[in-house]
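S.K.: The structure under discussion is supplied below as structure tokens; questions concerning it will follow.
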Amino acid sequence: MAGSTASLRAYVITRVALMFPMLFLLVTFTFFLLRVVPGDPITAIFREGTPPDVIDRIKTQLGLYDPLYIQYFRYLRDVFTGNMGTSILTQRPVLQDISYYMPATIELTLSSMLVAALLGIGIGTFAGTRRDRLPDLGARLYGSLAYNIPIFAVWLGWLPVSGRFSPRLSAPPTVTGLYTIDSLLAGDLRAFIDAISHLILPSLTLGIVLSGFFVRITRVNVIHAMGSDYVEAARARGIPEQNVFFRHALKNALVPVITTMGLTFALLFSGAILTETVFSFEGMGRYVFQAIGYRDYPAIQGAVVYYGILMVIISLFIDILNAFVDPRIRY
Amino acid sequence: MTGWSARGRTSLVGRLLGRFISQSKTFAGIIVWVGIGIVLTIVVLAIFAPFLAPFDPNTKVATEETPPGGPFLMGTDRSGQDVLSRIIWGARVPLAIVAVATTISLVIGLPIGLLSGFVGGRLDRILVLVMDSIYAFPGLLLAIAIAAIIGRGVLNVSFAVAVVYIPTYFRVIRNHVASVKQEPYVEAAVALGMSKRRIIGRYVLPNVAQSVPVIFSVNAADSVLTEAGLTFLGLGLPPGIPDWGFDISLNWQRFDSAWWATFYPGLFILILTTALTFVGEGLNDILNPLLRKKEYKAAAET
């Protein structure tokens, strides 16, 4: 046992160490990609007809006329000192922008993951334990259909379809930035209900689409587990079918499911652009989409660094979690 | 030189095809055929669009937002264009992009994955790091960035979509090769002093090739969605080209008063992607021996 903890620790250290070359690659790649492409932030943001000397002055101020390698090293230095720069479009520090758009994304991510996990694992295990019978066929159909619903082909009028909060109510005082939590902290029930009702439709939509994928993954892994030797051995010992499933099969089936869900979770934190667009939900996805449109270099680069770190941390977390669920996993 | 490679390929295709046909009465076989049937129907629609579409997709033929009925089976959109005609013409873009994008990502991802898995060592570690970095980046965002950079056009969109899927091929193939490499028959070939090219072509490739059709069809469904997402966000295609995602972006805000202009393009995206998913799911069942082996055990359980 001591050996496995030590090897796990070594593995964590390696992974954390690997994070730096990966981030470096990401940052460098993004930096040069943005510079070799046609267009720059100033021409994208200012309308035509802006006097050339004004444009020149701003470009000089921003250092856009410096040689590329100087811009690059200046940028690397900034990143290493934790300075993500100032967004050219919003004129605010990129970190401040990200912390403004982040809570919306967190709310949407958590609530839609909840929907997706409940539906996905529920339907997936139900189908997997009834292979090739009617419920299974139904679940497979659901899995294929739900996964492919184009998010933007959705609808309806009975729930607020846009925004995070009704403009006629005053937003709760900011503590976490999550409207649902903040309104509860402030003891404002009406605000809480309002925030939740704005959240329902986007998270149902996103959650159902994601659940399609989870159903398929869960189903396949439950089938795998139910056909394995240890399940047969457990049955041979006369253990009731229910216990066989919950105590023996399910745990093993969930390892790959946790991995997939974790990675999806990480991807969601980068913002579900389509969902955010359809429901006018101002989150990270919209922010980055807009930043790309305006060639807002600092904002894009900042977001990429943030994604990279998030991705590494979450995949590390998944690995550790899996090592606990399945003690056979050694690193 | 050409002799061995031709022989290798025939036996490989023959083997896969044989397995495929022998399974055609099972559930997996049926959904593969259903999927292929639907995809082919849409291909026919796209190819013969000039003859099949009742109206010109880019002309105003009626009052805006005429409900479905009469000569307009699916109604007209907010520009007074016939929705059905736009759907028939609009099938061309997703199909072209699926074909081009999946081919590009296959042609790049497969060889790199083979090489990385077979050679191993430092090259492998570097390639895995690079591919993981691309993979870590959210797909649609990556496609948006690339599409914003290289500009509009069907080929450009295909390229943007392809980049997203290269790491998928790479990962699956590389991991598969790394395990196949340990097999006795590969070690025997190494011991006999065969060239690396020959070992990869003759022994490794045929044994990992079964993963390709599955990744291919899964990515195909996904790339339809990515393409629709791109055009929905207004990136990608020059104006005047009918496209499902683009049509939804034009009409979705008027869903309450004219649902048909959004619903039908969305429905067709759903039909095409589901058909491609069916192909992938079925192929997975047929080609993935691990799942097949468990079949009798699962039957014993019920």
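Order determines the names: the first chain of the structure tokens is A, the second B, and so forth; residues in each chain are numbered 1 upward, and ligands are numbered 1 upward as they are shown.
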Identify, on the basis of only C-alpha atoms, every residue whose closest approach to Val208 (chain B) does not exceed 9 Å; exclude the query and any residue fewer than 3 positions from it along the same chain; express the result as number ranges by chain.
M.R.: B: 173, 176-177, 180, 204-205, 211-212
S.K.: How about saving the chosen residues, C-alpha atoms kept, as a PDB file, in the first residue's frame?
M.R.:
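Printed below is selection_14.pdb as written:
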```
ATOM      1  CA  ILE B 173      -3.720   4.294 -33.736  1.00  0.00           C
ATOM      2  CA  HIS B 176      -2.997   0.266 -30.731  1.00  0.00           C
ATOM      3  CA  VAL B 177       0.363   0.117 -32.503  1.00  0.00           C
ATOM      4  CA  VAL B 180       0.588  -4.695 -31.424  1.00  0.00           C
ATOM      5  CA  VAL B 204       1.274  -3.633 -38.008  1.00  0.00           C
ATOM      6  CA  LEU B 205      -1.095  -1.717 -40.276  1.00  0.00           C
ATOM      7  CA  SER B 211     -10.018   0.869 -35.637  1.00  0.00           C
ATOM      8  CA  VAL B 212     -10.079   3.181 -38.641  1.00  0.00           C
TER       9      VAL B 212
END
```
S.K.: Using only C-alpha atoms, which residues of region 32-124 of chain A come within 10 Å of region 209-226 of chain A, and what is the closest atom pair for each, with the distance in Å to one decimal? Give it as a tab-separated table, sorted by chain and residue number.
M.R.:
```
residue	atom	partner	partner_atom	distance
A:Ser112	CA	A:Leu210	CA	8.2
A:Met113	CA	A:Leu210	CA	7.9
A:Leu114	CA	A:Ser211	CA	9.7
A:Val115	CA	A:Ser211	CA	7.5
A:Ala116	CA	A:Ser211	CA	4.2
A:Ala117	CA	A:Ser211	CA	6.6
A:Leu118	CA	A:Ser211	CA	8.1
A:Leu119	CA	A:Ser211	CA	5.9
A:Gly120	CA	A:Val215	CA	4.3
A:Ile121	CA	A:Thr218	CA	6.0
A:Gly122	CA	A:Val215	CA	7.9
A:Ile123	CA	A:Val215	CA	6.1
A:Gly124	CA	A:Val215	CA	4.3
```
S.K.: Once you have the residues from the selection above, write them out as an mmCIF file, in the first residue's frame, restricted to N, CA and C atoms.
M.R.:
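Printed below is selection-v8.cif as written:
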```cif
data_model
loop_
_atom_site.group_PDB
_atom_site.id
_atom_site.type_symbol
_atom_site.label_atom_id
_atom_site.label_comp_id
_atom_site.auth_asym_id
_atom_site.auth_seq_id
_atom_site.Cartn_x
_atom_site.Cartn_y
_atom_site.Cartn_z
ATOM 1 N N SER A 112 -25.497 21.440 -16.031
ATOM 2 C CA SER A 112 -25.714 20.542 -17.165
ATOM 3 C C SER A 112 -24.994 19.217 -16.963
ATOM 4 N N MET A 113 -23.865 19.234 -16.242
ATOM 5 C CA MET A 113 -23.205 17.971 -15.936
ATOM 6 C C MET A 113 -24.087 17.115 -15.027
ATOM 7 N N LEU A 114 -24.798 17.779 -14.124
ATOM 8 C CA LEU A 114 -25.705 17.060 -13.229
ATOM 9 C C LEU A 114 -26.772 16.343 -14.044
ATOM 10 N N VAL A 115 -27.400 17.094 -14.965
ATOM 11 C CA VAL A 115 -28.416 16.501 -15.836
ATOM 12 C C VAL A 115 -27.817 15.342 -16.630
ATOM 13 N N ALA A 116 -26.651 15.602 -17.232
ATOM 14 C CA ALA A 116 -26.044 14.602 -18.105
ATOM 15 C C ALA A 116 -25.641 13.357 -17.332
ATOM 16 N N ALA A 117 -25.082 13.528 -16.135
ATOM 17 C CA ALA A 117 -24.611 12.379 -15.369
ATOM 18 C C ALA A 117 -25.795 11.531 -14.894
ATOM 19 N N LEU A 118 -26.844 12.190 -14.394
ATOM 20 C CA LEU A 118 -28.011 11.439 -13.926
ATOM 21 C C LEU A 118 -28.625 10.636 -15.064
ATOM 22 N N LEU A 119 -28.912 11.331 -16.172
ATOM 23 C CA LEU A 119 -29.513 10.652 -17.324
ATOM 24 C C LEU A 119 -28.563 9.602 -17.885
ATOM 25 N N GLY A 120 -27.317 9.989 -18.061
ATOM 26 C CA GLY A 120 -26.342 9.127 -18.733
ATOM 27 C C GLY A 120 -26.088 7.852 -17.962
ATOM 28 N N ILE A 121 -25.724 7.984 -16.689
ATOM 29 C CA ILE A 121 -25.408 6.787 -15.910
ATOM 30 C C ILE A 121 -26.679 5.975 -15.667
ATOM 31 N N GLY A 122 -27.778 6.670 -15.391
ATOM 32 C CA GLY A 122 -29.036 5.964 -15.155
ATOM 33 C C GLY A 122 -29.451 5.123 -16.350
ATOM 34 N N ILE A 123 -29.643 5.768 -17.484
ATOM 35 C CA ILE A 123 -30.087 5.043 -18.679
ATOM 36 C C ILE A 123 -29.033 4.042 -19.121
ATOM 37 N N GLY A 124 -27.777 4.430 -19.026
ATOM 38 C CA GLY A 124 -26.681 3.560 -19.469
ATOM 39 C C GLY A 124 -26.619 2.260 -18.692
#
```
S.K.: Using CA of Ala147 (chain B) and CA of Pro41 (chain A) as the two end points, give the distance in Å to one decimal.
M.R.: 16.6 Å
S.K.: DSSP on the backbone, then: every residue of region 96-265 of chain A marked alpha helix (DSSP H), written as a ChimeraX atom specification.
M.R.: /A:96-128,134-148,179-185,189-226,229-236,241-243,250-265
S.K.: How far is it from CA of Leu267 (chain B) to CA of Ser223 (chain B), in Å with one decimal?
M.R.: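 We find that CA of Leu267 (chain B) and CA of Ser223 (chain B) lie 16.3 Å from each other.
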S.K.: Which residues are near region 40-54 of chain B? Cut-off 12 Å, only C-alpha atoms, ignore same chain within fewer than 5 positions. Put them as number ranges by chain.
M.R.: B: 33-35, 59, 61, 71-74, 81-96, 98-99, 242-243, 268-269, 271-273, 275-276, 279
